[in-house]
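Note sheet for the following structure.
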Amino acid sequence: MAFVRVDNRLVHGQIIESWLPFTHARTILVVNDDLSTDFLRQEIMSLAIPSGVRIEFLPVGDLLGFLSRNPLDAEDALILFASCRDARIAYERGFGFGNLNLGNLHYAPGKKQVCPHVALSKDDESCLDFFRDKGVRLDYRCVPSDPQQLRSV
């Protein structure tokens, strides 16, 4: 089963040190249009990946095709999106999931801080409303040891 997370930092220390051991994932799918064509950033992120863990960088539109060619039923995966919008696009194209972890969305002007690590724009709020309406459980945690925060924003 895949663990799906929105974190605008994508691959970083919390992913490697906390979420990989917690999920037991052996595959990380980084689903982001910009990063899918930025080979230098991919190379830099890949340096942090432990041996035995596979990492793939995909455009949002290629996620379902990749999964159909590479079924993950034999291994768990950590699927990372940089934004709520990207997660919603993947969901609307057929990538179903029942839980969405909101790990980090940086503050910027026009965003509302809803917890220490998540600031939401109006578009983000609309996107999260979409997921709630679909029955997706929203989990606001930076790291697995944080208490689960289920919010209705």
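Chain identifiers are assigned as A, B, and so on, following the order in which chains appear in the structure tokens; residues are numbered from 1 within each chain, and ligands are numbered from 1 in order of appearance.
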task: Show which residues sit within 9 Å of segment 79-85 of chain A, as a PyMOL selection string. Count only C-alpha atoms, and ignore same-chain residues fewer than 5 positions away.
output: chain A and resi 2-11+27-32+60+90+102+104-105+123-125+127-128
- prompt: Which polymer residues have any atom within 12 Å of an atom of segment 19-23 of chain A, counting only C-alpha atoms, with same-chain residues fewer than 2 positions away left out, as a VMD selection string?
  reply: chain A and resid 1 to 5 7 10 to 17 25 to 28 48 to 50 52 to 55 75 to 80 101 103 141 to 146
message: Please report the interatomic distance between atom CA of Asn70 of chain A and atom CA of Asp133 of chain A in Å with one decimal.
response: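 These atoms are spaced 29.6 Å apart.
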- request: Could you give me the residues within segment 22-129 of chain A that DSSP places in helix (DSSP H, G or I), as a ChimeraX atom specification?
  value: /A:22-23,35-37,39-46,60-69,84-92,122-129
task: To one decimal in Å, tell me the separation between atom CA of Phe66 of chain A and atom CA of Val118 of chain A.
output: 29.3 Å
message: Taking the DSSP secondary structure from the backbone, can you list the residues of segment 97-126 of chain A that are strand (DSSP E or B), as a PyMOL selection string?
response: chain A and resi 99-105+112-115+118-120
Next, the residues of the selection above should be written as a PDB file, in the first residue's frame with N, CA and C atoms.
ATOM      1  N   ASN A  99      -5.906   8.106   2.287  1.00  0.00           N
ATOM      2  CA  ASN A  99      -5.255   8.968   3.277  1.00  0.00           C
ATOM      3  C   ASN A  99      -4.274   9.888   2.570  1.00  0.00           C
ATOM      4  N   LEU A 100      -4.207  11.125   3.045  1.00  0.00           N
ATOM      5  CA  LEU A 100      -3.255  12.094   2.495  1.00  0.00           C
ATOM      6  C   LEU A 100      -2.574  12.780   3.668  1.00  0.00           C
ATOM      7  N   ASN A 101      -1.258  12.614   3.743  1.00  0.00           N
ATOM      8  CA  ASN A 101      -0.464  13.261   4.777  1.00  0.00           C
ATOM      9  C   ASN A 101      -0.024  14.631   4.273  1.00  0.00           C
ATOM     10  N   LEU A 102      -0.299  15.664   5.067  1.00  0.00           N
ATOM     11  CA  LEU A 102       0.143  17.022   4.744  1.00  0.00           C
ATOM     12  C   LEU A 102       1.348  17.313   5.625  1.00  0.00           C
ATOM     13  N   GLY A 103       2.513  17.197   5.020  1.00  0.00           N
ATOM     14  CA  GLY A 103       3.744  17.295   5.790  1.00  0.00           C
ATOM     15  C   GLY A 103       4.318  18.678   5.874  1.00  0.00           C
ATOM     16  N   ASN A 104       4.296  19.418   4.801  1.00  0.00           N
ATOM     17  CA  ASN A 104       4.857  20.752   4.838  1.00  0.00           C
ATOM     18  C   ASN A 104       4.359  21.547   3.641  1.00  0.00           C
ATOM     19  N   LEU A 105       3.759  22.666   3.933  1.00  0.00           N
ATOM     20  CA  LEU A 105       3.376  23.641   2.913  1.00  0.00           C
ATOM     21  C   LEU A 105       3.780  24.999   3.473  1.00  0.00           C
ATOM     22  N   LYS A 112      -2.993  31.093   4.832  1.00  0.00           N
ATOM     23  CA  LYS A 112      -3.396  31.057   6.239  1.00  0.00           C
ATOM     24  C   LYS A 112      -2.649  29.914   6.922  1.00  0.00           C
ATOM     25  N   GLN A 113      -1.944  30.237   8.007  1.00  0.00           N
ATOM     26  CA  GLN A 113      -1.212  29.225   8.776  1.00  0.00           C
ATOM     27  C   GLN A 113      -2.223  28.428   9.586  1.00  0.00           C
ATOM     28  N   VAL A 114      -2.333  27.111   9.338  1.00  0.00           N
ATOM     29  CA  VAL A 114      -3.306  26.287  10.056  1.00  0.00           C
ATOM     30  C   VAL A 114      -2.664  25.417  11.126  1.00  0.00           C
ATOM     31  N   CYS A 115      -1.376  25.210  11.012  1.00  0.00           N
ATOM     32  CA  CYS A 115      -0.592  24.546  12.044  1.00  0.00           C
ATOM     33  C   CYS A 115       0.866  24.923  11.772  1.00  0.00           C
ATOM     34  N   VAL A 118       2.020  23.891   8.138  1.00  0.00           N
ATOM     35  CA  VAL A 118       1.122  23.955   6.978  1.00  0.00           C
ATOM     36  C   VAL A 118       0.445  25.324   6.915  1.00  0.00           C
ATOM     37  N   ALA A 119       0.642  25.982   5.779  1.00  0.00           N
ATOM     38  CA  ALA A 119      -0.056  27.227   5.466  1.00  0.00           C
ATOM     39  C   ALA A 119      -0.817  26.994   4.166  1.00  0.00           C
ATOM     40  N   LEU A 120      -2.078  27.402   4.141  1.00  0.00           N
ATOM     41  CA  LEU A 120      -2.938  27.084   3.000  1.00  0.00           C
ATOM     42  C   LEU A 120      -3.407  28.339   2.268  1.00  0.00           C
TER      43      LEU A 120
END
